[in-house]
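Peer 1: What follows is a structure written as C-alpha coordinates; I'll ask about it next.
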Amino acid sequence: MQREYIFRGKRKDNSEWVYGSLSIEYDGTCHISNWVSKLIEPETNFYEQVQEMFELIPKTVGQYIRFLDKTECKIYEG
(Lines give C-alpha, C1' and ligand atoms only; values in the text may rest on other atoms or scores of the structure.)
Protein backbone atom coordinates (compact mmCIF):
# COMPACT_ATOMS: atom_id res chain seq x y z
CA MET A 1 0.00 0.00 0.00
CA GLN A 2 1.34 3.39 -1.00
CA ARG A 3 1.40 6.09 1.66
CA GLU A 4 -0.64 9.26 1.14
CA TYR A 5 1.39 12.42 1.60
CA ILE A 6 -1.22 15.03 2.45
CA PHE A 7 -0.49 18.24 4.33
CA ARG A 8 -2.63 20.99 5.79
CA GLY A 9 -1.97 24.50 7.00
CA LYS A 10 -3.66 27.84 7.53
CA ARG A 11 -3.48 30.35 4.71
CA LYS A 12 -1.44 33.44 5.49
CA ASP A 13 -3.97 35.82 3.89
CA ASN A 14 -7.18 34.67 5.63
CA SER A 15 -6.31 31.85 8.11
CA GLU A 16 -8.53 29.26 6.35
CA TRP A 17 -7.36 25.64 6.38
CA VAL A 18 -6.09 24.29 3.04
CA TYR A 19 -5.02 20.76 2.11
CA GLY A 20 -2.64 19.45 -0.54
CA SER A 21 1.04 19.11 -1.44
CA LEU A 22 3.60 21.04 0.63
CA SER A 23 6.59 22.98 -0.66
CA ILE A 24 9.07 24.87 1.50
CA GLU A 25 11.22 27.58 -0.06
CA TYR A 26 14.84 28.38 0.82
CA ASP A 27 13.74 31.41 2.81
CA GLY A 28 11.39 29.26 4.95
CA THR A 29 8.08 30.25 3.36
CA CYS A 30 5.61 27.37 3.05
CA HIS A 31 3.07 26.80 0.27
CA ILE A 32 0.35 24.23 -0.31
CA SER A 33 -0.81 23.47 -3.82
CA ASN A 34 -3.75 21.43 -5.04
CA TRP A 35 -5.75 20.83 -8.21
CA VAL A 36 -9.35 22.04 -8.48
CA SER A 37 -11.99 22.11 -11.21
CA LYS A 38 -12.77 25.66 -12.29
CA LEU A 39 -15.66 26.69 -14.50
CA ILE A 40 -14.00 28.34 -17.50
CA GLU A 41 -16.91 28.82 -19.93
CA PRO A 42 -20.32 28.97 -18.19
CA GLU A 43 -22.26 29.02 -21.46
CA THR A 44 -20.83 25.62 -22.49
CA ASN A 45 -20.38 24.29 -18.92
CA PHE A 46 -16.64 23.78 -19.60
CA TYR A 47 -14.45 22.99 -16.57
CA GLU A 48 -10.68 22.82 -16.45
CA GLN A 49 -8.23 21.46 -13.86
CA VAL A 50 -6.29 24.39 -12.37
CA GLN A 51 -3.52 24.31 -9.79
CA GLU A 52 -3.97 26.65 -6.83
CA MET A 53 -1.14 27.63 -4.48
CA PHE A 54 -1.44 29.35 -1.11
CA GLU A 55 1.20 30.73 1.25
CA LEU A 56 0.88 29.27 4.76
CA ILE A 57 1.53 30.27 8.34
CA PRO A 58 4.50 27.90 8.97
CA LYS A 59 3.61 26.92 12.55
CA THR A 60 0.20 25.58 11.38
CA VAL A 61 1.60 22.99 8.92
CA GLY A 62 0.82 19.36 9.70
CA GLN A 63 1.04 16.03 7.87
CA TYR A 64 -1.69 13.38 7.63
CA ILE A 65 -0.59 10.41 9.76
CA ARG A 66 -2.80 7.69 8.17
CA PHE A 67 -5.27 7.48 11.06
CA LEU A 68 -8.89 8.57 11.39
CA ASP A 69 -10.63 9.86 14.51
CA LYS A 70 -13.96 8.46 15.75
CA THR A 71 -15.86 10.72 13.32
CA GLU A 72 -13.86 9.37 10.34
CA CYS A 73 -11.85 12.61 9.93
CA LYS A 74 -8.15 12.42 9.01
CA ILE A 75 -5.70 13.10 11.84
CA TYR A 76 -2.75 15.43 11.20
CA GLU A 77 0.39 15.84 13.28
CA GLY A 78 1.55 19.26 14.31
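Ordering of the C-alpha coordinates sets the chain letters (A, B, ...), residue numbers begin anew at 1 in every chain, and ligands are numbered from 1 in the order given.
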I'd like the contact shell of region 24-31 of chain A - 8 Å cut-off, only C-alpha atoms, skipping same-chain residues fewer than 5 positions apart - returned as a list in words.

Peer 2: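 Selected residues are Met53, Phe54, Glu55, Leu56, Ile57 and Pro58 of chain A.
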
Peer 1: For the selection just defined, write its residues with N, CA, C and O atoms to a file, as a short mmCIF file (atom, residue, chain, number, x, y, z; two decimals), in the first residue's frame.

Peer 2:
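Okay, again_5.cif is ready:
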data_model
loop_
_atom_site.label_atom_id
_atom_site.label_comp_id
_atom_site.auth_asym_id
_atom_site.auth_seq_id
_atom_site.Cartn_x
_atom_site.Cartn_y
_atom_site.Cartn_z
N MET A 53 -2.24 27.64 -5.45
CA MET A 53 -1.14 27.63 -4.48
C MET A 53 -1.38 28.74 -3.47
O MET A 53 -1.76 29.85 -3.83
N PHE A 54 -1.19 28.40 -2.19
CA PHE A 54 -1.44 29.35 -1.11
C PHE A 54 -0.23 29.38 -0.18
O PHE A 54 0.32 28.34 0.18
N GLU A 55 0.15 30.60 0.25
CA GLU A 55 1.20 30.73 1.25
C GLU A 55 0.60 30.44 2.63
O GLU A 55 -0.53 30.83 2.92
N LEU A 56 1.37 29.73 3.46
CA LEU A 56 0.88 29.27 4.76
C LEU A 56 1.57 29.97 5.93
O LEU A 56 2.67 30.49 5.80
N ILE A 57 0.90 29.90 7.08
CA ILE A 57 1.53 30.27 8.34
C ILE A 57 2.33 29.03 8.75
O ILE A 57 1.75 27.97 9.02
N PRO A 58 3.68 29.09 8.78
CA PRO A 58 4.50 27.90 8.97
C PRO A 58 4.17 27.06 10.21
O PRO A 58 4.20 25.83 10.16
#

Peer 1: I want to know what sits within 9 Å of Glu52 (chain A), based on only C-alpha atoms, with residues of the same chain fewer than 2 positions away left out; could you give that as a short mmCIF file (atom, residue, chain, number, x, y, z; two decimals) with N, CA and C atoms, in the first residue's frame?

Peer 2:
data_model
loop_
_atom_site.label_atom_id
_atom_site.label_comp_id
_atom_site.auth_asym_id
_atom_site.auth_seq_id
_atom_site.Cartn_x
_atom_site.Cartn_y
_atom_site.Cartn_z
N ILE A 32 1.09 25.45 0.01
CA ILE A 32 0.35 24.23 -0.31
C ILE A 32 -0.28 24.44 -1.68
N SER A 33 -0.17 23.41 -2.51
CA SER A 33 -0.81 23.47 -3.82
C SER A 33 -1.76 22.29 -3.97
N ASN A 34 -2.80 22.50 -4.74
CA ASN A 34 -3.75 21.43 -5.04
C ASN A 34 -4.42 21.73 -6.37
N TRP A 35 -5.05 20.71 -6.93
CA TRP A 35 -5.75 20.83 -8.21
C TRP A 35 -7.24 20.92 -7.95
N VAL A 36 -7.90 21.85 -8.61
CA VAL A 36 -9.35 22.04 -8.48
C VAL A 36 -9.97 22.21 -9.87
N VAL A 50 -7.19 23.26 -12.60
CA VAL A 50 -6.29 24.39 -12.37
C VAL A 50 -5.56 24.16 -11.05
N PHE A 54 -1.19 28.40 -2.19
CA PHE A 54 -1.44 29.35 -1.11
C PHE A 54 -0.23 29.38 -0.18
#

Peer 1: Need to verify the contact set: Gly62 (chain A), 7 Å, only C-alpha atoms, exclusion of same-chain residues closer than 3 positions in sequence. Can you return it as a ChimeraX atom specification?

Peer 2: /A:7-9,76-78

Peer 1: Write the selection just made, keeping all heavy atoms, as a PDB file, in the first residue's frame?

Peer 2:
ATOM      1  N   PHE A   7      -0.823  17.242   3.316  1.00  0.00           N
ATOM      2  CA  PHE A   7      -0.494  18.238   4.325  1.00  0.00           C
ATOM      3  C   PHE A   7      -1.655  19.213   4.462  1.00  0.00           C
ATOM      4  O   PHE A   7      -2.489  19.334   3.580  1.00  0.00           O
ATOM      5  CB  PHE A   7       0.771  18.992   3.931  1.00  0.00           C
ATOM      6  CG  PHE A   7       1.993  18.132   3.925  1.00  0.00           C
ATOM      7  CD1 PHE A   7       2.328  17.398   2.802  1.00  0.00           C
ATOM      8  CD2 PHE A   7       2.792  18.047   5.050  1.00  0.00           C
ATOM      9  CE1 PHE A   7       3.453  16.586   2.795  1.00  0.00           C
ATOM     10  CE2 PHE A   7       3.922  17.243   5.052  1.00  0.00           C
ATOM     11  CZ  PHE A   7       4.243  16.512   3.921  1.00  0.00           C
ATOM     12  N   ARG A   8      -1.667  19.909   5.587  1.00  0.00           N
ATOM     13  CA  ARG A   8      -2.628  20.987   5.786  1.00  0.00           C
ATOM     14  C   ARG A   8      -1.917  22.145   6.456  1.00  0.00           C
ATOM     15  O   ARG A   8      -0.855  21.981   7.074  1.00  0.00           O
ATOM     16  CB  ARG A   8      -3.818  20.545   6.635  1.00  0.00           C
ATOM     17  CG  ARG A   8      -3.478  20.429   8.105  1.00  0.00           C
ATOM     18  CD  ARG A   8      -4.703  20.251   8.937  1.00  0.00           C
ATOM     19  NE  ARG A   8      -4.279  20.210  10.343  1.00  0.00           N
ATOM     20  CZ  ARG A   8      -5.085  19.959  11.320  1.00  0.00           C
ATOM     21  NH1 ARG A   8      -6.349  19.713  11.115  1.00  0.00           N
ATOM     22  NH2 ARG A   8      -4.635  19.952  12.560  1.00  0.00           N
ATOM     23  N   GLY A   9      -2.501  23.313   6.342  1.00  0.00           N
ATOM     24  CA  GLY A   9      -1.975  24.497   6.997  1.00  0.00           C
ATOM     25  C   GLY A   9      -2.960  25.632   6.826  1.00  0.00           C
ATOM     26  O   GLY A   9      -3.868  25.576   5.999  1.00  0.00           O
ATOM     27  N   TYR A  76      -3.989  14.808  11.629  1.00  0.00           N
ATOM     28  CA  TYR A  76      -2.747  15.427  11.197  1.00  0.00           C
ATOM     29  C   TYR A  76      -1.862  15.673  12.403  1.00  0.00           C
ATOM     30  O   TYR A  76      -2.335  16.018  13.480  1.00  0.00           O
ATOM     31  CB  TYR A  76      -3.018  16.771  10.491  1.00  0.00           C
ATOM     32  CG  TYR A  76      -3.734  16.617   9.191  1.00  0.00           C
ATOM     33  CD1 TYR A  76      -5.111  16.430   9.141  1.00  0.00           C
ATOM     34  CD2 TYR A  76      -3.030  16.642   7.998  1.00  0.00           C
ATOM     35  CE1 TYR A  76      -5.773  16.277   7.934  1.00  0.00           C
ATOM     36  CE2 TYR A  76      -3.686  16.501   6.777  1.00  0.00           C
ATOM     37  CZ  TYR A  76      -5.055  16.301   6.756  1.00  0.00           C
ATOM     38  OH  TYR A  76      -5.701  16.154   5.572  1.00  0.00           O
ATOM     39  N   GLU A  77      -0.535  15.498  12.219  1.00  0.00           N
ATOM     40  CA  GLU A  77       0.395  15.835  13.283  1.00  0.00           C
ATOM     41  C   GLU A  77       0.733  17.310  13.198  1.00  0.00           C
ATOM     42  O   GLU A  77       0.649  17.909  12.137  1.00  0.00           O
ATOM     43  CB  GLU A  77       1.658  14.991  13.214  1.00  0.00           C
ATOM     44  CG  GLU A  77       2.525  15.265  12.010  1.00  0.00           C
ATOM     45  CD  GLU A  77       3.780  14.412  11.965  1.00  0.00           C
ATOM     46  OE1 GLU A  77       4.053  13.700  12.945  1.00  0.00           O
ATOM     47  OE2 GLU A  77       4.460  14.462  10.950  1.00  0.00           O
ATOM     48  N   GLY A  78       1.121  17.860  14.314  1.00  0.00           N
ATOM     49  CA  GLY A  78       1.547  19.257  14.311  1.00  0.00           C
ATOM     50  C   GLY A  78       0.438  20.227  14.560  1.00  0.00           C
ATOM     51  O   GLY A  78      -0.708  19.961  14.731  1.00  0.00           O
TER      52      GLY A  78
END

Peer 1: Please identify which residues in chain A DSSP calls strand (DSSP E or B) from the backbone, and express them as a ChimeraX atom specification.

Peer 2: /A:7-11,17-24,30-41,46-56,62-68,74-76

Peer 1: In Å, rounded to a single decimal, give me how far CA of Val61 (chain A) is from CA of Lys10 (chain A).

Peer 2: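 Spanning CA of Lys10 (chain A) to CA of Val61 (chain A) is a straight-line distance of 7.3 Å.
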